[in-house]
>>> print(open('upload-v3.cif').read())   # mmCIF, C-alpha atoms
data_final
#
loop_
_atom_site.label_atom_id
_atom_site.label_comp_id
_atom_site.auth_asym_id
_atom_site.auth_seq_id
_atom_site.Cartn_x
_atom_site.Cartn_y
_atom_site.Cartn_z
CA MET A 1 -3.13 -18.02 -19.22
CA GLY A 2 -1.40 -21.18 -18.05
CA ALA A 3 -0.84 -22.25 -14.49
CA PRO A 4 1.84 -20.26 -12.68
CA SER A 5 5.27 -21.79 -12.33
CA SER A 6 6.54 -22.95 -8.94
CA ARG A 7 9.04 -20.07 -9.13
CA ALA A 8 6.25 -17.51 -9.51
CA VAL A 9 4.36 -19.03 -6.59
CA ALA A 10 7.50 -18.96 -4.44
CA LEU A 11 8.21 -15.32 -5.32
CA GLY A 12 4.66 -14.32 -4.52
CA ALA A 13 4.78 -16.15 -1.20
CA ALA A 14 8.07 -14.49 -0.27
CA PHE A 15 6.75 -11.01 -0.99
CA LEU A 16 3.61 -11.80 0.97
CA LEU A 17 5.83 -12.60 3.96
CA LEU A 18 7.63 -9.31 3.40
CA LEU A 19 4.32 -7.46 3.46
CA VAL A 20 3.34 -9.18 6.72
CA ALA A 21 6.36 -7.52 8.33
CA LEU A 22 5.49 -4.06 6.98
CA PRO A 23 2.85 -3.11 9.59
CA SER A 24 5.45 -3.49 12.34
CA ALA A 25 7.82 -1.30 10.37
CA PHE A 26 5.07 1.24 9.73
CA LEU A 27 4.16 1.61 13.40
CA TYR A 28 7.82 2.00 14.33
CA LEU A 29 8.58 4.48 11.57
CA THR A 30 5.63 6.78 12.07
CA SER A 31 6.47 7.17 15.73
CA SER A 32 9.71 8.95 14.79
CA ALA A 33 9.72 12.73 14.27
CA ALA A 34 12.97 12.69 12.30
CA PRO A 35 12.56 14.16 8.79
CA ALA A 36 14.95 11.64 7.28
CA ALA A 37 15.37 8.02 8.22
CA SER A 38 18.45 6.46 9.76
CA ARG A 39 19.33 2.85 10.37
CA ALA A 40 18.00 3.10 13.90
CA ALA A 41 14.70 4.66 12.82
CA LEU A 42 14.02 2.85 9.56
CA LEU A 43 13.19 -0.82 9.23
CA ASN A 44 14.28 -1.85 12.69
CA LEU A 45 12.23 -5.03 12.72
CA LYS A 46 13.76 -6.59 15.84
CA PRO A 47 10.51 -6.32 17.84
CA PHE A 48 8.74 -8.26 15.07
CA SER A 49 11.56 -10.73 14.49
CA ALA A 50 11.95 -11.47 18.18
CA ARG A 51 8.43 -12.88 18.26
CA CYS A 52 8.97 -15.13 15.25
CA PRO A 53 11.32 -18.09 14.88
CA PRO A 54 13.88 -17.77 12.09
CA ALA A 55 12.59 -18.91 8.74
CA ALA A 56 13.93 -22.24 7.53
CA ALA A 57 14.56 -20.89 4.04
CA PRO A 58 17.16 -18.21 3.33
CA PRO A 59 15.83 -14.70 2.61
CA LEU A 60 14.74 -13.87 -0.91
CA ARG A 61 17.47 -12.07 -2.85
CA VAL A 62 15.99 -8.96 -4.47
CA PHE A 63 17.56 -6.57 -6.93
CA MET A 64 15.99 -3.09 -6.82
CA TYR A 65 16.19 -0.97 -9.95
CA ASP A 66 18.08 2.27 -9.41
CA LEU A 67 15.42 4.60 -10.78
CA PRO A 68 15.77 8.40 -10.66
CA PRO A 69 14.04 10.04 -7.67
CA ARG A 70 11.27 11.43 -9.87
CA PHE A 71 9.84 7.90 -9.99
CA HIS A 72 9.51 7.66 -6.23
CA VAL A 73 10.71 9.92 -3.37
CA ALA A 74 10.77 13.17 -5.38
CA MET A 75 6.98 12.97 -5.48
CA MET A 76 7.08 13.34 -1.69
CA ALA A 77 9.07 16.60 -1.86
CA ALA A 78 5.98 18.78 -1.57
CA ASN A 79 5.02 17.01 1.64
CA GLY A 80 8.26 17.03 3.59
CA PRO A 81 11.98 17.90 3.56
CA ASN A 82 14.93 15.78 2.44
CA ALA A 83 12.95 13.86 -0.17
CA THR A 84 15.68 14.50 -2.73
CA ALA A 85 18.64 15.29 -0.46
CA GLY A 86 20.31 11.90 -0.78
CA LEU A 87 18.73 10.44 2.36
CA PHE A 88 15.78 8.13 2.21
CA PRO A 89 12.97 10.25 3.68
CA ALA A 90 10.61 9.30 6.45
CA TRP A 91 6.96 9.23 5.43
CA PRO A 92 5.70 12.82 5.88
CA PRO A 93 3.03 13.11 8.59
CA SER A 94 1.17 15.64 6.43
CA ALA A 95 0.62 13.05 3.67
CA GLY A 96 -2.41 11.33 5.13
CA GLY A 97 -5.68 10.09 3.74
CA ILE A 98 -5.62 8.23 0.45
CA ARG A 99 -1.91 8.85 -0.13
CA ARG A 100 -1.05 7.12 3.11
CA GLN A 101 -3.47 4.23 2.77
CA HIS A 102 -1.93 3.24 -0.59
CA SER A 103 1.67 3.81 0.52
CA VAL A 104 2.76 0.15 0.57
CA GLU A 105 5.07 1.00 -2.36
CA TYR A 106 7.01 3.33 -0.06
CA TRP A 107 7.32 0.77 2.75
CA MET A 108 8.51 -1.92 0.35
CA MET A 109 11.22 0.36 -0.97
CA ALA A 110 12.14 1.33 2.60
CA SER A 111 12.54 -2.32 3.54
CA LEU A 112 15.19 -2.75 0.83
CA GLN A 113 17.35 0.21 1.78
CA ASP A 114 21.02 -0.52 2.47
CA TRP A 115 22.47 0.41 5.86
CA GLY A 116 25.90 -1.18 5.50
CA GLY A 117 27.06 -4.51 6.83
CA GLY A 118 26.36 -6.63 3.78
CA GLY A 119 22.71 -7.34 3.06
CA GLY A 120 21.25 -4.53 5.12
CA ALA A 121 19.90 -4.11 8.63
CA GLY A 122 18.98 -7.43 10.17
CA SER A 123 19.57 -9.24 6.89
CA GLY A 124 19.92 -12.59 8.64
CA ARG A 125 16.35 -12.35 10.01
CA ARG A 126 14.49 -10.83 7.07
CA GLU A 127 12.29 -12.42 4.43
CA ALA A 128 13.96 -10.44 1.65
CA VAL A 129 17.35 -8.76 1.28
CA ARG A 130 18.67 -6.43 -1.36
CA VAL A 131 21.50 -7.57 -3.62
CA ARG A 132 23.53 -5.25 -5.86
CA ASP A 133 24.36 -7.91 -8.44
CA PRO A 134 21.28 -8.57 -10.60
CA ASP A 135 22.72 -11.92 -11.65
CA ALA A 136 22.46 -13.03 -8.01
CA ALA A 137 18.83 -11.91 -7.69
CA GLU A 138 15.79 -14.16 -7.46
CA ALA A 139 13.37 -11.29 -7.90
CA PHE A 140 13.46 -7.71 -9.21
CA PHE A 141 11.70 -4.86 -7.46
CA VAL A 142 10.60 -1.84 -9.52
CA PRO A 143 10.38 1.16 -7.12
CA PHE A 144 7.86 3.23 -9.04
CA PHE A 145 5.37 4.91 -6.70
CA SER A 146 2.51 4.38 -9.11
CA SER A 147 -0.21 5.05 -6.52
CA LEU A 148 1.41 8.27 -5.33
CA SER A 149 1.95 9.32 -8.93
CA PHE A 150 -1.76 8.96 -9.62
CA ASN A 151 -2.65 10.98 -6.53
CA VAL A 152 -0.03 13.69 -7.08
CA HIS A 153 -0.44 14.31 -10.81
CA GLY A 154 -3.93 15.68 -11.25
CA ARG A 155 -7.06 15.88 -9.15
CA ASN A 156 -9.21 13.65 -11.35
CA MET A 157 -8.98 11.26 -14.29
CA THR A 158 -9.42 14.01 -16.91
CA ASP A 159 -7.09 16.59 -15.37
CA PRO A 160 -4.39 17.64 -17.91
CA ASP A 161 -1.79 17.21 -15.17
CA THR A 162 -2.28 13.44 -15.42
CA GLU A 163 -0.04 13.61 -18.49
CA ALA A 164 2.91 13.69 -16.09
CA ASP A 165 1.80 10.34 -14.68
CA ARG A 166 1.49 8.88 -18.18
CA LEU A 167 4.96 10.11 -19.18
CA LEU A 168 6.49 8.49 -16.10
CA GLN A 169 4.91 5.20 -17.08
CA VAL A 170 6.20 5.53 -20.65
CA GLU A 171 9.72 6.31 -19.44
CA LEU A 172 9.65 3.44 -16.97
CA MET A 173 8.64 0.94 -19.64
CA GLU A 174 11.48 2.15 -21.85
CA ILE A 175 13.89 1.46 -18.98
CA LEU A 176 12.46 -2.00 -18.38
CA TRP A 177 12.38 -2.98 -22.05
CA LYS A 178 16.09 -2.21 -22.31
CA SER A 179 16.89 -4.38 -19.29
CA LYS A 180 18.17 -7.83 -20.19
CA TYR A 181 16.65 -9.12 -16.97
CA TRP A 182 13.21 -7.94 -18.01
CA GLN A 183 13.74 -9.39 -21.46
CA ARG A 184 14.90 -12.70 -19.99
CA SER A 185 11.62 -13.38 -18.22
CA ALA A 186 9.26 -10.92 -19.94
CA GLY A 187 8.93 -9.36 -16.50
CA ARG A 188 7.61 -12.48 -14.76
CA ASP A 189 10.11 -12.19 -11.90
CA HIS A 190 9.59 -8.44 -11.51
CA VAL A 191 7.53 -7.01 -8.65
CA ILE A 192 5.57 -3.83 -9.36
CA PRO A 193 3.39 -2.02 -6.77
CA MET A 194 -0.02 -1.08 -8.20
CA HIS A 195 -2.01 -0.65 -5.02
CA HIS A 196 -4.36 2.20 -5.91
CA PRO A 197 -7.07 0.88 -8.28
CA ASN A 198 -6.14 3.57 -10.84
CA ALA A 199 -2.35 3.24 -10.48
CA PHE A 200 -0.37 2.58 -13.67
CA ARG A 201 -3.64 2.98 -15.59
CA PHE A 202 -2.13 4.04 -18.90
CA LEU A 203 0.26 1.14 -19.53
CA ARG A 204 -0.76 -1.53 -17.04
CA ASN A 205 -1.38 -4.13 -19.75
CA MET A 206 2.32 -4.01 -20.57
CA VAL A 207 3.20 -5.44 -17.16
CA ASN A 208 0.51 -8.13 -16.96
CA ALA A 209 3.10 -10.90 -16.60
CA SER A 210 4.74 -9.30 -13.55
CA ILE A 211 3.99 -9.86 -9.87
CA LEU A 212 1.69 -6.97 -8.96
CA ILE A 213 1.08 -5.63 -5.46
CA VAL A 214 -2.62 -4.77 -5.37
CA ALA A 215 -5.35 -3.93 -2.85
CA ASP A 216 -7.96 -6.11 -4.55
CA PHE A 217 -8.95 -7.21 -8.06
CA GLY A 218 -11.91 -4.88 -8.53
CA ARG A 219 -10.57 -2.86 -11.46
CA TYR A 220 -8.27 -5.34 -13.17
CA THR A 221 -9.03 -7.76 -15.93
CA LYS A 222 -8.32 -11.43 -15.26
CA GLU A 223 -5.58 -11.23 -17.89
CA LEU A 224 -3.80 -8.55 -15.87
CA ALA A 225 -4.13 -9.64 -12.25
CA SER A 226 -5.07 -12.75 -10.30
CA LEU A 227 -4.29 -14.61 -7.10
CA ARG A 228 -2.26 -17.08 -9.14
CA LYS A 229 0.65 -14.65 -9.46
CA ASP A 230 -0.06 -11.41 -7.59
CA VAL A 231 -0.01 -10.32 -3.94
CA VAL A 232 -2.90 -8.62 -2.16
CA ALA A 233 -1.43 -6.14 0.32
CA PRO A 234 -3.43 -4.57 3.15
CA TYR A 235 -4.11 -0.87 3.14
CA VAL A 236 -1.94 1.15 5.49
CA HIS A 237 -4.24 2.23 8.30
CA VAL A 238 -4.65 5.97 8.74
CA VAL A 239 -5.15 6.01 12.50
CA GLY A 240 -3.36 4.46 15.46
CA SER A 241 -4.22 1.52 17.70
CA PHE A 242 -6.57 1.96 20.63
CA VAL A 243 -4.28 1.25 23.57
CA ASP A 244 -6.54 2.47 26.40
CA ASP A 245 -9.31 -0.10 26.00
CA ASP A 246 -9.01 -1.38 29.57
CA ALA A 247 -12.63 -1.33 30.73
CA PRO A 248 -13.76 -4.42 32.71
CA ASP A 249 -16.14 -5.26 29.86
CA PRO A 250 -14.93 -3.40 26.73
CA PHE A 251 -17.82 -4.66 24.61
CA GLU A 252 -20.53 -3.38 26.91
CA ALA A 253 -18.59 -0.15 27.54
CA ARG A 254 -19.14 0.81 23.91
CA HIS A 255 -22.59 2.33 23.63
CA THR A 256 -22.94 2.52 19.83
CA LEU A 257 -24.08 -0.69 18.12
CA LEU A 258 -23.10 0.07 14.50
CA PHE A 259 -20.82 2.81 13.21
CA PHE A 260 -19.93 4.05 9.74
CA ARG A 261 -18.56 7.38 8.68
CA GLY A 262 -17.45 7.99 5.08
CA ARG A 263 -18.64 8.69 1.58
CA THR A 264 -22.21 7.45 1.31
CA VAL A 265 -22.57 8.56 -2.32
CA ARG A 266 -19.93 7.13 -4.64
CA LYS A 267 -19.08 8.11 -8.19
CA ASP A 268 -19.07 4.54 -9.51
CA GLU A 269 -20.60 1.73 -7.48
CA GLY A 270 -21.42 2.26 -3.83
CA LYS A 271 -24.88 0.66 -4.09
CA ILE A 272 -24.42 -1.16 -0.79
CA ARG A 273 -23.63 2.06 1.03
CA ALA A 274 -26.66 3.81 -0.43
CA LYS A 275 -28.96 0.95 0.55
CA LEU A 276 -27.53 0.73 4.08
CA ALA A 277 -27.99 4.48 4.50
CA LYS A 278 -31.73 4.09 3.80
CA ILE A 279 -32.17 0.98 5.95
CA LEU A 280 -30.28 2.27 8.99
CA LYS A 281 -31.46 5.89 8.98
CA GLY A 282 -32.87 6.82 12.37
CA LYS A 283 -32.24 3.42 13.98
CA ASP A 284 -31.35 3.37 17.66
CA GLY A 285 -27.70 2.70 18.41
CA VAL A 286 -26.61 3.34 14.81
CA ARG A 287 -24.36 6.08 13.45
CA PHE A 288 -24.20 6.08 9.65
CA GLU A 289 -22.75 9.41 8.56
CA ASN A 290 -21.48 10.99 5.37
CA SER A 291 -18.02 12.56 5.54
CA PHE A 292 -14.72 13.10 3.75
CA ALA A 293 -11.23 11.89 4.70
CA THR A 294 -10.11 15.19 6.21
CA GLY A 295 -8.17 15.60 9.42
CA ASP A 296 -11.32 16.36 11.41
CA GLY A 297 -13.20 13.55 9.68
CA ILE A 298 -10.54 11.00 10.59
CA LYS A 299 -10.54 12.22 14.19
CA ILE A 300 -14.31 11.85 14.47
CA SER A 301 -14.15 8.42 12.82
CA THR A 302 -11.48 7.35 15.29
CA GLU A 303 -13.65 8.32 18.26
CA GLY A 304 -16.72 6.71 16.66
CA MET A 305 -14.99 3.39 16.02
CA ARG A 306 -13.58 3.28 19.54
CA SER A 307 -17.04 3.73 21.03
CA SER A 308 -18.83 1.25 18.76
CA LYS A 309 -19.43 -2.48 19.20
CA PHE A 310 -19.33 -3.09 15.45
CA CYS A 311 -17.71 -1.05 12.66
CA LEU A 312 -19.24 -1.30 9.21
CA HIS A 313 -16.99 -1.21 6.15
CA PRO A 314 -19.28 -1.59 3.10
CA ALA A 315 -17.67 -1.55 -0.33
CA GLY A 316 -17.54 1.77 -2.17
CA ASP A 317 -16.06 2.08 -5.66
CA THR A 318 -13.89 -0.99 -5.06
CA PRO A 319 -14.41 -4.27 -3.18
CA SER A 320 -11.92 -3.42 -0.42
CA SER A 321 -11.69 -0.52 2.00
CA CYS A 322 -9.03 0.98 4.26
CA ARG A 323 -11.77 1.21 6.88
CA LEU A 324 -11.46 -2.53 7.59
CA PHE A 325 -7.86 -2.14 8.75
CA ASP A 326 -8.69 1.02 10.68
CA ALA A 327 -11.44 -0.86 12.51
CA ILE A 328 -9.06 -3.69 13.42
CA LEU A 329 -6.58 -1.21 14.86
CA LYS A 330 -9.35 0.39 16.92
CA LYS A 331 -10.17 -2.94 18.54
CA LEU A 332 -6.60 -4.08 19.29
#
>>> encode(input="upload-v3.cif", output="structure tokens")
Amino acid sequence: MGAPSSRAVALGAAFLLLLVALPSAFLYLTSSAAPAASRAALLNLKPFSARCPPAAAPPLRVFMYDLPPRFHVAMMAANGPNATAGLFPAWPPSAGGIRRQHSVEYWMMASLQDWGGGGGAGSGRREAVRVRDPDAAEAFFVPFFSSLSFNVHGRNMTDPDTEADRLLQVELMEILWKSKYWQRSAGRDHVIPMHHPNAFRFLRNMVNASILIVADFGRYTKELASLRKDVVAPYVHVVGSFVDDDAPDPFEARHTLLFFRGRTVRKDEGKIRAKLAKILKGKDGVRFENSFATGDGIKISTEGMRSSKFCLHPAGDTPSSCRLFDAILKKL
């Protein structure tokens, strides 16, 4: 593979800036109890923008494919109302755990929603704005919730229900192949979220020229994904910030030295976790516990991180972990 063009580098940088703004949007959105999002409740980035000087360059012009809801928000219908009622839905509070931590695809689509007034809410202060004319676009966003599709269609890799995920990928590629804009660049200026390590697993080699939004490069070949063209997006944290950390000496107020709570036995790799479990077993000031990402498990993890001086986040099946971002939020 040759060196990436300056255009590809610029597109990747612009989408990285867009992703930097997403955590602010996420915190604002999840604080709303409204079942469907409005202009006031969705992508109001003024608190974020007010802290940052206006960018020198104009916002990136993005055309978003108008895919049927079954490729994106319809998959949320089982988790909340109004997913297919014509309004862009708020992220359902019941969809936590792994669905939430890989939900960057949802937040990217949310950031490109139109709210009237030209380029969308706050278009003059955003890194990317949606355009309706594809000929005016500098990049093309493909709103396929590939991570959610993997998590919704089947409980494991061999479940027959995963056929629904495969068929969505086949249909999507048929749509893209017919697009003259895909044909023009072979997909090089198209942005496709692929955040879960198993997302788009059936046909991912057909989009290896596109700009992929990934969590890490643990399960991709170097021909498919690399830092030369793709964007590494943080996991969406599954717990809130610790806002009551006002002790005179917060470090000394935390009585646990090391804390980890999660899957200590992994189906694939996880050798580091297994070794740490043996080394740290019974050590003073250490909590290294096996658990699942259930509601109670997340609550206990939240309390454990908030009372610990250091939070461990050893690799499991993949190099990265949502736990890193959870730990950061606990210490802020």
>>> residues_around(input="upload-v3.cif", residues="region 214-226 of chain A", least_positions_apart="4", cutoff="6 Å", atoms="only C-alpha atoms", output="MDAnalysis selection string")
chainID A and resid 194:195 208 230 232:233 318:319
>>> atom_distance(input="upload-v3.cif", atom1="CA of Gln169 (chain A)", atom2="CA of Ser146 (chain A)")
8.4 Å
>>> resolve_selection(input="upload-v3.cif", expression="the PyMOL selection byres ((chain A and resi 188) around 7)", output="JSON, numbers by chain")
{"A": [185, 186, 187, 189, 190, 209, 210, 211]}
>>> write_last_selection(input="upload-v3.cif", atoms="C-alpha atoms", output="PDB file, keeping the file's coordinate frame")
ATOM      1  CA  SER A 185      11.620 -13.380 -18.220  1.00  0.00           C
ATOM      2  CA  ALA A 186       9.260 -10.920 -19.940  1.00  0.00           C
ATOM      3  CA  GLY A 187       8.930  -9.360 -16.500  1.00  0.00           C
ATOM      4  CA  ASP A 189      10.110 -12.190 -11.900  1.00  0.00           C
ATOM      5  CA  HIS A 190       9.590  -8.440 -11.510  1.00  0.00           C
ATOM      6  CA  ALA A 209       3.100 -10.900 -16.600  1.00  0.00           C
ATOM      7  CA  SER A 210       4.740  -9.300 -13.550  1.00  0.00           C
ATOM      8  CA  ILE A 211       3.990  -9.860  -9.870  1.00  0.00           C
TER       9      ILE A 211
END
>>> closest_residue(input="upload-v3.cif", among="A:Met75, A:Trp177, A:Pro69, A:Tyr106", to="Asp165 (chain A)", atoms="all atoms listed in the file")
A:Met75
>>> atom_distance(input="upload-v3.cif", atom1="CA of Leu60 (chain A)", atom2="CA of Cys322 (chain A)")
28.5 Å
>>> resolve_selection(input="upload-v3.cif", expression="the PyMOL selection byres ((chain A and resi 147-155) around 6)", output="ChimeraX atom specification")
/A:145-146,156,159,161-162,165,196,199
